[in-house]
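This is data_35.csv. It holds CSV, N, CA and C atoms and all ligand atoms.
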chain,number,residue,atom,x,y,z
A,1,MET,N,-4.2,4.8,11.8
A,1,MET,CA,-4.0,3.4,12.2
A,1,MET,C,-4.9,2.5,11.4
A,2,SER,N,-4.5,1.4,11.1
A,2,SER,CA,-5.3,0.4,10.4
A,2,SER,C,-5.5,-0.9,11.2
A,3,ARG,N,-6.6,-1.5,10.9
A,3,ARG,CA,-7.0,-2.7,11.7
A,3,ARG,C,-7.0,-3.9,10.7
A,4,ILE,N,-6.3,-5.0,11.1
A,4,ILE,CA,-6.3,-6.2,10.3
A,4,ILE,C,-6.7,-7.4,11.1
A,5,ARG,N,-7.7,-8.1,10.6
A,5,ARG,CA,-8.1,-9.3,11.2
A,5,ARG,C,-7.8,-10.5,10.3
A,6,PHE,N,-7.1,-11.5,10.8
A,6,PHE,CA,-6.7,-12.6,10.1
A,6,PHE,C,-7.6,-13.8,10.4
A,7,VAL,N,-8.3,-14.4,9.4
A,7,VAL,CA,-9.2,-15.4,9.6
A,7,VAL,C,-8.9,-16.7,8.8
A,8,ALA,N,-9.3,-17.8,9.4
A,8,ALA,CA,-9.1,-19.1,8.7
A,8,ALA,C,-10.2,-19.3,7.7
A,9,GLU,N,-10.1,-20.3,6.8
A,9,GLU,CA,-11.1,-20.5,5.8
A,9,GLU,C,-12.5,-20.8,6.4
A,10,ASP,N,-12.6,-21.3,7.6
A,10,ASP,CA,-13.9,-21.6,8.3
A,10,ASP,C,-14.4,-20.3,9.0
A,11,GLY,N,-13.7,-19.2,8.9
A,11,GLY,CA,-14.1,-18.0,9.5
A,11,GLY,C,-13.6,-17.8,10.9
A,12,ALA,N,-12.9,-18.8,11.4
A,12,ALA,CA,-12.3,-18.6,12.8
A,12,ALA,C,-11.3,-17.5,12.8
A,13,LEU,N,-11.3,-16.7,13.8
A,13,LEU,CA,-10.3,-15.6,14.0
A,13,LEU,C,-9.0,-16.2,14.4
A,14,LEU,N,-7.9,-15.9,13.6
A,14,LEU,CA,-6.6,-16.4,13.9
A,14,LEU,C,-5.9,-15.4,14.8
A,15,ASN,N,-6.1,-14.1,14.5
A,15,ASN,CA,-5.6,-13.0,15.3
A,15,ASN,C,-5.9,-11.7,14.7
A,16,GLU,N,-5.8,-10.6,15.4
A,16,GLU,CA,-6.0,-9.3,14.9
A,16,GLU,C,-4.9,-8.4,15.3
A,17,ALA,N,-4.6,-7.4,14.5
A,17,ALA,CA,-3.5,-6.5,14.7
A,17,ALA,C,-3.8,-5.1,14.2
A,18,GLU,N,-3.1,-4.2,14.8
A,18,GLU,CA,-3.1,-2.8,14.3
A,18,GLU,C,-1.9,-2.6,13.5
A,19,ALA,N,-2.0,-1.8,12.5
A,19,ALA,CA,-0.9,-1.6,11.6
A,19,ALA,C,-0.8,-0.1,11.2
A,20,THR,N,0.3,0.3,10.7
A,20,THR,CA,0.5,1.6,10.2
A,20,THR,C,0.5,1.6,8.6
A,21,ALA,N,-0.1,2.6,8.0
A,21,ALA,CA,-0.1,2.7,6.6
A,21,ALA,C,1.3,2.4,6.1
A,22,GLY,N,1.4,1.6,5.1
A,22,GLY,CA,2.7,1.3,4.5
A,22,GLY,C,3.4,0.0,5.1
A,23,ASP,N,2.9,-0.5,6.2
A,23,ASP,CA,3.4,-1.7,6.7
A,23,ASP,C,3.2,-2.9,5.7
A,24,ASN,N,4.1,-3.7,5.6
A,24,ASN,CA,4.0,-4.9,4.8
A,24,ASN,C,3.0,-5.9,5.4
A,25,LEU,N,2.1,-6.4,4.7
A,25,LEU,CA,1.1,-7.3,5.3
A,25,LEU,C,1.7,-8.6,5.8
A,26,LEU,N,2.6,-9.1,5.2
A,26,LEU,CA,3.3,-10.3,5.7
A,26,LEU,C,4.0,-10.1,7.0
A,27,ASP,N,4.6,-8.9,7.1
A,27,ASP,CA,5.3,-8.6,8.4
A,27,ASP,C,4.2,-8.4,9.5
A,28,VAL,N,3.1,-7.8,9.2
A,28,VAL,CA,2.0,-7.6,10.2
A,28,VAL,C,1.6,-9.0,10.6
A,29,ALA,N,1.4,-9.9,9.7
A,29,ALA,CA,1.0,-11.3,10.0
A,29,ALA,C,2.0,-12.0,10.9
A,30,ARG,N,3.3,-11.9,10.6
A,30,ARG,CA,4.3,-12.5,11.3
A,30,ARG,C,4.4,-12.0,12.7
A,31,LEU,N,4.3,-10.6,12.9
A,31,LEU,CA,4.4,-10.0,14.2
A,31,LEU,C,3.2,-10.4,15.1
A,32,ALA,N,2.0,-10.7,14.4
A,32,ALA,CA,0.8,-11.1,15.1
A,32,ALA,C,0.8,-12.6,15.3
A,33,GLU,N,1.9,-13.3,14.9
A,33,GLU,CA,2.0,-14.7,15.1
A,33,GLU,C,0.9,-15.5,14.3
A,34,VAL,N,0.5,-15.0,13.2
A,34,VAL,CA,-0.4,-15.7,12.3
A,34,VAL,C,0.4,-16.7,11.5
A,35,PRO,N,0.0,-17.9,11.5
A,35,PRO,CA,0.8,-19.0,10.8
A,35,PRO,C,0.5,-19.0,9.3
A,36,LEU,N,0.8,-17.9,8.7
A,36,LEU,CA,0.6,-17.7,7.2
A,36,LEU,C,1.8,-18.3,6.5
A,37,HIS,N,1.5,-19.2,5.5
A,37,HIS,CA,2.5,-19.8,4.7
A,37,HIS,C,3.2,-18.7,3.8
A,38,TRP,N,4.5,-18.8,3.8
A,38,TRP,CA,5.2,-17.9,2.8
A,38,TRP,C,6.6,-18.6,2.6
A,39,ARG,N,7.2,-18.2,1.4
A,39,ARG,CA,8.4,-18.8,1.1
A,39,ARG,C,9.5,-17.8,0.7
A,40,CYS,N,9.2,-17.1,-0.4
A,40,CYS,CA,10.3,-16.2,-1.0
A,40,CYS,C,10.3,-14.8,-0.3
A,41,GLY,N,9.2,-14.3,0.1
A,41,GLY,CA,9.1,-13.0,0.7
A,41,GLY,C,9.4,-11.9,-0.3
A,42,GLN,N,9.4,-12.2,-1.6
A,42,GLN,CA,9.7,-11.2,-2.6
A,42,GLN,C,8.7,-11.1,-3.7
A,43,GLY,N,7.5,-11.7,-3.5
A,43,GLY,CA,6.5,-11.6,-4.5
A,43,GLY,C,6.7,-12.5,-5.7
A,44,THR,N,7.4,-13.6,-5.6
A,44,THR,CA,7.6,-14.4,-6.8
A,44,THR,C,7.0,-15.8,-6.7
A,45,CYS,N,6.8,-16.4,-5.5
A,45,CYS,CA,6.4,-17.8,-5.5
A,45,CYS,C,4.9,-18.0,-5.3
A,46,GLY,N,4.2,-17.0,-4.8
A,46,GLY,CA,2.7,-17.1,-4.7
A,46,GLY,C,2.2,-17.8,-3.4
A,47,THR,N,3.1,-18.3,-2.6
A,47,THR,CA,2.8,-19.0,-1.4
A,47,THR,C,2.0,-18.2,-0.4
A,48,CYS,N,2.2,-16.9,-0.4
A,48,CYS,CA,1.6,-16.1,0.7
A,48,CYS,C,0.3,-15.5,0.2
A,49,LYS,N,-0.4,-16.0,-0.8
A,49,LYS,CA,-1.6,-15.4,-1.3
A,49,LYS,C,-2.7,-15.5,-0.3
A,50,VAL,N,-3.4,-14.4,-0.1
A,50,VAL,CA,-4.5,-14.2,0.8
A,50,VAL,C,-5.6,-13.5,0.1
A,51,ARG,N,-6.8,-13.7,0.6
A,51,ARG,CA,-8.0,-13.0,0.1
A,51,ARG,C,-8.4,-12.0,1.1
A,52,ILE,N,-8.6,-10.7,0.6
A,52,ILE,CA,-8.8,-9.6,1.5
A,52,ILE,C,-10.2,-9.0,1.3
A,53,ALA,N,-10.9,-8.9,2.4
A,53,ALA,CA,-12.2,-8.1,2.3
A,53,ALA,C,-12.0,-6.8,3.0
A,54,GLY,N,-12.6,-5.8,2.4
A,54,GLY,CA,-12.5,-4.4,3.0
A,54,GLY,C,-11.6,-3.5,2.3
A,55,MET,N,-11.0,-3.9,1.2
A,55,MET,CA,-10.0,-3.1,0.5
A,55,MET,C,-10.8,-2.0,-0.3
A,56,ALA,N,-10.1,-0.8,-0.4
A,56,ALA,CA,-10.7,0.2,-1.2
A,56,ALA,C,-10.6,-0.2,-2.7
A,57,THR,N,-11.5,0.3,-3.5
A,57,THR,CA,-11.5,0.0,-4.9
A,57,THR,C,-11.3,1.3,-5.7
A,58,PRO,N,-10.8,1.3,-6.8
A,58,PRO,CA,-10.2,0.1,-7.5
A,58,PRO,C,-8.8,-0.3,-6.9
A,59,GLN,N,-8.5,-1.5,-7.0
A,59,GLN,CA,-7.1,-1.9,-6.6
A,59,GLN,C,-6.3,-1.9,-7.9
A,60,ARG,N,-5.0,-1.6,-7.8
A,60,ARG,CA,-4.2,-1.6,-9.0
A,60,ARG,C,-2.9,-2.5,-8.8
A,61,PRO,N,-3.1,-3.8,-8.7
A,61,PRO,CA,-1.9,-4.6,-8.5
A,61,PRO,C,-1.0,-4.6,-9.7
A,62,GLY,N,0.2,-4.6,-9.5
A,62,GLY,CA,1.2,-4.6,-10.6
A,62,GLY,C,1.2,-5.8,-11.4
A,63,ARG,N,1.8,-5.7,-12.6
A,63,ARG,CA,1.8,-6.9,-13.5
A,63,ARG,C,2.5,-8.1,-12.9
A,64,LYS,N,3.6,-7.9,-12.1
A,64,LYS,CA,4.3,-9.0,-11.5
A,64,LYS,C,3.4,-9.8,-10.5
A,65,GLU,N,2.7,-9.0,-9.7
A,65,GLU,CA,1.8,-9.6,-8.7
A,65,GLU,C,0.7,-10.4,-9.4
A,66,ARG,N,0.1,-9.8,-10.5
A,66,ARG,CA,-1.0,-10.4,-11.2
A,66,ARG,C,-0.5,-11.7,-11.8
A,67,ASN,N,0.7,-11.7,-12.4
A,67,ASN,CA,1.2,-12.9,-13.0
A,67,ASN,C,1.5,-14.0,-12.0
A,68,VAL,N,2.0,-13.6,-10.8
A,68,VAL,CA,2.3,-14.6,-9.8
A,68,VAL,C,0.9,-15.2,-9.3
A,69,LEU,N,-0.1,-14.4,-9.1
A,69,LEU,CA,-1.4,-14.9,-8.7
A,69,LEU,C,-2.0,-15.8,-9.7
A,70,LEU,N,-1.8,-15.5,-11.0
A,70,LEU,CA,-2.3,-16.3,-12.1
A,70,LEU,C,-1.6,-17.7,-12.0
A,71,ARG,N,-0.3,-17.7,-11.9
A,71,ARG,CA,0.5,-19.0,-11.8
A,71,ARG,C,0.1,-19.8,-10.6
A,72,ALA,N,-0.3,-19.1,-9.5
A,72,ALA,CA,-0.7,-19.8,-8.3
A,72,ALA,C,-2.1,-20.3,-8.3
A,73,GLY,N,-2.8,-20.0,-9.4
A,73,GLY,CA,-4.2,-20.4,-9.6
A,73,GLY,C,-5.2,-19.6,-8.8
A,74,ALA,N,-4.8,-18.5,-8.3
A,74,ALA,CA,-5.7,-17.7,-7.5
A,74,ALA,C,-6.7,-16.8,-8.4
A,75,ILE,N,-6.2,-16.4,-9.5
A,75,ILE,CA,-7.0,-15.6,-10.4
A,75,ILE,C,-7.0,-16.2,-11.8
A,76,ASP,N,-8.0,-15.7,-12.7
A,76,ASP,CA,-8.0,-16.2,-14.0
A,76,ASP,C,-7.2,-15.3,-15.0
A,77,ALA,N,-7.1,-15.7,-16.2
A,77,ALA,CA,-6.3,-14.9,-17.2
A,77,ALA,C,-6.9,-13.5,-17.4
A,78,GLU,N,-8.2,-13.4,-17.4
A,78,GLU,CA,-8.9,-12.2,-17.7
A,78,GLU,C,-8.5,-11.1,-16.6
A,79,LEU,N,-8.6,-11.6,-15.4
A,79,LEU,CA,-8.2,-10.7,-14.3
A,79,LEU,C,-6.8,-10.3,-14.3
A,80,ALA,N,-5.9,-11.3,-14.6
A,80,ALA,CA,-4.5,-11.1,-14.7
A,80,ALA,C,-4.1,-10.0,-15.7
A,81,ALA,N,-5.0,-9.9,-16.8
A,81,ALA,CA,-4.7,-9.0,-17.8
A,81,ALA,C,-5.2,-7.6,-17.5
A,82,SER,N,-6.0,-7.4,-16.4
A,82,SER,CA,-6.6,-6.2,-16.1
A,82,SER,C,-5.7,-5.3,-15.1
A,83,ASP,N,-5.5,-4.1,-15.5
A,83,ASP,CA,-4.7,-3.2,-14.6
A,83,ASP,C,-5.4,-2.7,-13.4
A,84,GLU,N,-6.8,-2.7,-13.5
A,84,GLU,CA,-7.6,-2.1,-12.4
A,84,GLU,C,-8.6,-3.2,-12.0
A,85,TRP,N,-8.6,-3.5,-10.7
A,85,TRP,CA,-9.6,-4.5,-10.2
A,85,TRP,C,-10.6,-3.8,-9.3
A,86,ARG,N,-11.8,-4.3,-9.4
A,86,ARG,CA,-12.9,-3.9,-8.5
A,86,ARG,C,-13.5,-5.1,-7.8
A,87,GLU,N,-12.6,-6.0,-7.4
A,87,GLU,CA,-13.0,-7.2,-6.7
A,87,GLU,C,-13.4,-6.9,-5.3
A,88,ALA,N,-14.5,-7.5,-4.8
A,88,ALA,CA,-14.9,-7.2,-3.4
A,88,ALA,C,-13.9,-7.9,-2.4
A,89,GLU,N,-13.4,-9.0,-2.8
A,89,GLU,CA,-12.4,-9.8,-2.0
A,89,GLU,C,-11.3,-10.3,-2.8
A,90,PRO,N,-10.4,-9.4,-3.2
A,90,PRO,CA,-9.4,-9.8,-4.1
A,90,PRO,C,-8.3,-10.7,-3.5
A,91,TRP,N,-7.7,-11.5,-4.3
A,91,TRP,CA,-6.5,-12.3,-3.9
A,91,TRP,C,-5.3,-11.3,-4.0
A,92,ARG,N,-4.5,-11.3,-3.1
A,92,ARG,CA,-3.3,-10.5,-3.1
A,92,ARG,C,-2.1,-11.3,-2.5
A,93,LEU,N,-0.9,-10.8,-2.7
A,93,LEU,CA,0.3,-11.4,-2.1
A,93,LEU,C,0.6,-10.6,-0.9
A,94,ALA,N,0.6,-11.3,0.3
A,94,ALA,CA,0.8,-10.6,1.5
A,94,ALA,C,2.2,-10.0,1.6
A,95,CYS,N,3.2,-10.7,1.0
A,95,CYS,CA,4.6,-10.1,1.0
A,95,CYS,C,4.8,-8.9,0.1
A,96,HIS,N,3.8,-8.7,-0.7
A,96,HIS,CA,3.9,-7.6,-1.7
A,96,HIS,C,3.0,-6.5,-1.5
A,97,LEU,N,2.3,-6.5,-0.4
A,97,LEU,CA,1.2,-5.6,-0.2
A,97,LEU,C,1.4,-4.7,1.0
A,98,ALA,N,1.3,-3.4,0.8
A,98,ALA,CA,1.4,-2.4,1.9
A,98,ALA,C,0.0,-2.1,2.4
A,99,VAL,N,-0.1,-2.1,3.7
A,99,VAL,CA,-1.4,-1.7,4.4
A,99,VAL,C,-1.8,-0.3,4.0
A,100,GLU,N,-3.0,-0.1,3.6
A,100,GLU,CA,-3.5,1.2,3.3
A,100,GLU,C,-3.9,2.0,4.5
A,101,GLU,N,-3.8,3.3,4.4
A,101,GLU,CA,-4.2,4.2,5.5
A,101,GLU,C,-5.6,4.0,5.9
A,102,GLY,N,-5.9,3.8,7.2
A,102,GLY,CA,-7.2,3.6,7.6
A,102,GLY,C,-7.9,2.3,7.2
A,103,ALA,N,-7.1,1.3,6.8
A,103,ALA,CA,-7.6,0.0,6.4
A,103,ALA,C,-8.3,-0.7,7.5
A,104,ASP,N,-9.4,-1.4,7.2
A,104,ASP,CA,-10.1,-2.2,8.1
A,104,ASP,C,-10.3,-3.5,7.3
A,105,TRP,N,-9.3,-4.3,7.3
A,105,TRP,CA,-9.3,-5.5,6.4
A,105,TRP,C,-9.5,-6.8,7.2
A,106,GLU,N,-10.2,-7.7,6.5
A,106,GLU,CA,-10.3,-9.1,7.0
A,106,GLU,C,-9.5,-9.9,6.0
A,107,VAL,N,-8.5,-10.6,6.5
A,107,VAL,CA,-7.6,-11.3,5.6
A,107,VAL,C,-7.8,-12.8,5.7
A,108,LEU,N,-8.4,-13.4,4.7
A,108,LEU,CA,-8.6,-14.8,4.7
A,108,LEU,C,-7.3,-15.6,4.4
A,109,CYS,N,-6.9,-16.4,5.3
A,109,CYS,CA,-5.6,-17.1,5.1
A,109,CYS,C,-6.0,-18.5,4.7
A,110,PRO,N,-5.8,-18.9,3.4
A,110,PRO,CA,-6.1,-20.2,3.0
A,110,PRO,C,-5.3,-21.3,3.7
A,111,ASP,N,-5.9,-22.5,3.7
A,111,ASP,CA,-5.2,-23.6,4.3
A,111,ASP,C,-5.3,-23.6,5.8
A,112,TYR,N,-6.1,-22.8,6.4
A,112,TYR,CA,-6.3,-22.8,7.8
A,112,TYR,C,-7.8,-23.0,8.2
A,201,LIG,S1,6.2,-15.3,-0.1
A,201,LIG,FE1,6.5,-15.7,-2.2
A,201,LIG,S2,5.1,-14.5,-3.2
A,201,LIG,FE2,4.9,-13.9,-1.1
Structure rendered as structure tokens:
Amino acid sequence: MSRIRFVAEDGALLNEAEATAGDNLLDVARLAEVPLHWRCGQGTCGTCKVRIAGMATPQRPGRKERNVLLRAGAIDAELAASDEWREAEPWRLACHLAVEEGADWEVLCPDY
């Protein structure tokens, strides 16, 4: 079982949830009634970008996710070109991210 805490930019707890490995992070947020902005649900618009603390490293986001995060202004071109990330709090797309086994994540939801 994994534990996910959703927090606002000021650090206020929005909600917390338990999840199973493989659960989609956007689905976890929606079930926990976290008011996370999203639009396409398919990893193409960048609206659901969140910053996550507690992820295992390295992370290996796919090219599509990196390009969307670059277009959304969340990461720079150098990071977008890298196949392997060692970011302490990487930006990721909630609709495109599966919860890891045993995750203990703090998910920063921008705009809250
Ligand atoms: S909702 Fe569009 S990229 Fe996630």
Cut-off 6 Å: closest chain A/ligand LIG 201 (chain A) atom pairs per residue, using only C-alpha atoms and all ligand atoms, as JSON lines:
{"residue": "A:Trp38", "atom": "CA", "partner": "A:LIG201", "partner_atom": "S1", "distance": 4.0}
{"residue": "A:Arg39", "atom": "CA", "partner": "A:LIG201", "partner_atom": "S1", "distance": 4.3}
{"residue": "A:Cys40", "atom": "CA", "partner": "A:LIG201", "partner_atom": "FE1", "distance": 4.0}
{"residue": "A:Gly41", "atom": "CA", "partner": "A:LIG201", "partner_atom": "S1", "distance": 3.8}
{"residue": "A:Gln42", "atom": "CA", "partner": "A:LIG201", "partner_atom": "FE1", "distance": 5.5}
{"residue": "A:Gly43", "atom": "CA", "partner": "A:LIG201", "partner_atom": "S2", "distance": 3.5}
{"residue": "A:Thr44", "atom": "CA", "partner": "A:LIG201", "partner_atom": "S2", "distance": 4.4}
{"residue": "A:Cys45", "atom": "CA", "partner": "A:LIG201", "partner_atom": "FE1", "distance": 3.9}
{"residue": "A:Gly46", "atom": "CA", "partner": "A:LIG201", "partner_atom": "S2", "distance": 3.8}
{"residue": "A:Thr47", "atom": "CA", "partner": "A:LIG201", "partner_atom": "FE1", "distance": 5.0}
{"residue": "A:Cys48", "atom": "CA", "partner": "A:LIG201", "partner_atom": "FE2", "distance": 4.4}
{"residue": "A:Leu93", "atom": "CA", "partner": "A:LIG201", "partner_atom": "FE2", "distance": 5.3}
{"residue": "A:Ala94", "atom": "CA", "partner": "A:LIG201", "partner_atom": "FE2", "distance": 5.9}
{"residue": "A:Cys95", "atom": "CA", "partner": "A:LIG201", "partner_atom": "FE2", "distance": 4.4}
Inset, instruction - Taking the chain letters and numbering used in this document, name the residues of chain A that DSSP puts in alpha helix (DSSP H), as a PyMOL selection string. - result: chain A and resi 25-31+63-71+77-80
Inset, instruction - Take atom CA of Glu78 of chain A and atom N of Trp91 of chain A and report the distance between them in Å, one decimal. - result: 13.5 Å
Inset, instruction - Can you list, as a PyMOL selection string, all residues belonging to segment 45-76 of chain A that DSSP tags as strand (DSSP E)? - result: chain A and resi 49-53
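Going from atom CA of Ala77 of chain A to atom CA of Glu106 of chain A covers 25.2 Å.
Interatomic distance, atom CA of Arg71 of chain A to atom CA of Leu14 of chain A: 26.8 Å.
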Produce a table with one row for each residue of segment 5-93 of chain A that has an atom at most 8 Å from any atom of segment 97-104 of chain A, each row naming the nearest atom pair and its distance in Å at one decimal; use only N, CA and C atoms; arrange rows by chain and rising residue number; format as a tab-separated table.
residue	atom	partner	partner_atom	distance
A:Arg5	N	A:Asp104	C	6.2
A:Ala19	C	A:Val99	CA	7.0
A:Thr20	C	A:Val99	C	5.5
A:Ala21	CA	A:Val99	C	4.3
A:Gly22	N	A:Val99	C	3.9
A:Asp23	C	A:Val99	N	3.9
A:Asn24	CA	A:Leu97	C	4.6
A:Leu25	N	A:Leu97	C	4.1
A:Leu26	N	A:Leu97	N	6.2
A:Gly43	CA	A:Leu97	N	7.8
A:Ala53	C	A:Asp104	C	5.7
A:Gly54	CA	A:Asp104	C	4.9
A:Met55	N	A:Asp104	C	6.2
A:Ala56	N	A:Ala103	CA	7.3
A:Arg92	C	A:Leu97	N	6.8
A:Leu93	C	A:Leu97	N	4.5
Selection export as a compact mmCIF listing (two decimals), in the coordinates of the input, atoms kept: N, CA and C atoms:
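Full text of again.txt as output:
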# COMPACT_ATOMS: atom_id res chain seq x y z
N ARG A 5 -7.70 -8.10 10.60
CA ARG A 5 -8.10 -9.30 11.20
C ARG A 5 -7.80 -10.50 10.30
N ALA A 19 -2.00 -1.80 12.50
CA ALA A 19 -0.90 -1.60 11.60
C ALA A 19 -0.80 -0.10 11.20
N THR A 20 0.30 0.30 10.70
CA THR A 20 0.50 1.60 10.20
C THR A 20 0.50 1.60 8.60
N ALA A 21 -0.10 2.60 8.00
CA ALA A 21 -0.10 2.70 6.60
C ALA A 21 1.30 2.40 6.10
N GLY A 22 1.40 1.60 5.10
CA GLY A 22 2.70 1.30 4.50
C GLY A 22 3.40 0.00 5.10
N ASP A 23 2.90 -0.50 6.20
CA ASP A 23 3.40 -1.70 6.70
C ASP A 23 3.20 -2.90 5.70
N ASN A 24 4.10 -3.70 5.60
CA ASN A 24 4.00 -4.90 4.80
C ASN A 24 3.00 -5.90 5.40
N LEU A 25 2.10 -6.40 4.70
CA LEU A 25 1.10 -7.30 5.30
C LEU A 25 1.70 -8.60 5.80
N LEU A 26 2.60 -9.10 5.20
CA LEU A 26 3.30 -10.30 5.70
C LEU A 26 4.00 -10.10 7.00
N GLY A 43 7.50 -11.70 -3.50
CA GLY A 43 6.50 -11.60 -4.50
C GLY A 43 6.70 -12.50 -5.70
N ALA A 53 -10.90 -8.90 2.40
CA ALA A 53 -12.20 -8.10 2.30
C ALA A 53 -12.00 -6.80 3.00
N GLY A 54 -12.60 -5.80 2.40
CA GLY A 54 -12.50 -4.40 3.00
C GLY A 54 -11.60 -3.50 2.30
N MET A 55 -11.00 -3.90 1.20
CA MET A 55 -10.00 -3.10 0.50
C MET A 55 -10.80 -2.00 -0.30
N ALA A 56 -10.10 -0.80 -0.40
CA ALA A 56 -10.70 0.20 -1.20
C ALA A 56 -10.60 -0.20 -2.70
N ARG A 92 -4.50 -11.30 -3.10
CA ARG A 92 -3.30 -10.50 -3.10
C ARG A 92 -2.10 -11.30 -2.50
N LEU A 93 -0.90 -10.80 -2.70
CA LEU A 93 0.30 -11.40 -2.10
C LEU A 93 0.60 -10.60 -0.90
Legend entry - Near-Asp83 of chain A list (8 Å; all atoms listed in the file; drop same-chain fewer than 5 positions) as a ChimeraX atom specification: /A:58-63,78
Export, as a PDB file, in the frame of the given file, the selected residues with N, CA and C atoms.
ATOM      1  N   PRO A  58     -10.800   1.300  -6.800  1.00  0.00           N
ATOM      2  CA  PRO A  58     -10.200   0.100  -7.500  1.00  0.00           C
ATOM      3  C   PRO A  58      -8.800  -0.300  -6.900  1.00  0.00           C
ATOM      4  N   GLN A  59      -8.500  -1.500  -7.000  1.00  0.00           N
ATOM      5  CA  GLN A  59      -7.100  -1.900  -6.600  1.00  0.00           C
ATOM      6  C   GLN A  59      -6.300  -1.900  -7.900  1.00  0.00           C
ATOM      7  N   ARG A  60      -5.000  -1.600  -7.800  1.00  0.00           N
ATOM      8  CA  ARG A  60      -4.200  -1.600  -9.000  1.00  0.00           C
ATOM      9  C   ARG A  60      -2.900  -2.500  -8.800  1.00  0.00           C
ATOM     10  N   PRO A  61      -3.100  -3.800  -8.700  1.00  0.00           N
ATOM     11  CA  PRO A  61      -1.900  -4.600  -8.500  1.00  0.00           C
ATOM     12  C   PRO A  61      -1.000  -4.600  -9.700  1.00  0.00           C
ATOM     13  N   GLY A  62       0.200  -4.600  -9.500  1.00  0.00           N
ATOM     14  CA  GLY A  62       1.200  -4.600 -10.600  1.00  0.00           C
ATOM     15  C   GLY A  62       1.200  -5.800 -11.400  1.00  0.00           C
ATOM     16  N   ARG A  63       1.800  -5.700 -12.600  1.00  0.00           N
ATOM     17  CA  ARG A  63       1.800  -6.900 -13.500  1.00  0.00           C
ATOM     18  C   ARG A  63       2.500  -8.100 -12.900  1.00  0.00           C
ATOM     19  N   GLU A  78      -8.200 -13.400 -17.400  1.00  0.00           N
ATOM     20  CA  GLU A  78      -8.900 -12.200 -17.700  1.00  0.00           C
ATOM     21  C   GLU A  78      -8.500 -11.100 -16.600  1.00  0.00           C
TER      22      GLU A  78
END
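Closest approach to Glu87 of chain A among A:Ser2, A:Ile52, A:Asn15, A:Leu70: A:Ile52, based on all atoms listed in the file.
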Inset, instruction - For Ala29 of chain A, list every protein, DNA or RNA residue within 8 Å, evaluated using only N, CA and C atoms, and leave out those in the same chain fewer than 5 positions away; present the list as a PyMOL selection string. - result: chain A and resi 6+17+24+34-36
Could the residues in this selection be saved with N, CA and C atoms as a tab-separated table (two decimals), keeping the file's coordinate frame?
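result22.tsv, written as the output of this step:
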chain	number	residue	atom	x	y	z
A	6	PHE	N	-7.10	-11.50	10.80
A	6	PHE	CA	-6.70	-12.60	10.10
A	6	PHE	C	-7.60	-13.80	10.40
A	17	ALA	N	-4.60	-7.40	14.50
A	17	ALA	CA	-3.50	-6.50	14.70
A	17	ALA	C	-3.80	-5.10	14.20
A	24	ASN	N	4.10	-3.70	5.60
A	24	ASN	CA	4.00	-4.90	4.80
A	24	ASN	C	3.00	-5.90	5.40
A	34	VAL	N	0.50	-15.00	13.20
A	34	VAL	CA	-0.40	-15.70	12.30
A	34	VAL	C	0.40	-16.70	11.50
A	35	PRO	N	0.00	-17.90	11.50
A	35	PRO	CA	0.80	-19.00	10.80
A	35	PRO	C	0.50	-19.00	9.30
A	36	LEU	N	0.80	-17.90	8.70
A	36	LEU	CA	0.60	-17.70	7.20
A	36	LEU	C	1.80	-18.30	6.50
Inset, instruction - Choose the residue, out of A:Ala32, A:Glu89, A:Arg51, A:Arg66, that has the smallest atom-to-atom separation from Val107 of chain A; count all atoms listed in the file. - result: A:Arg51
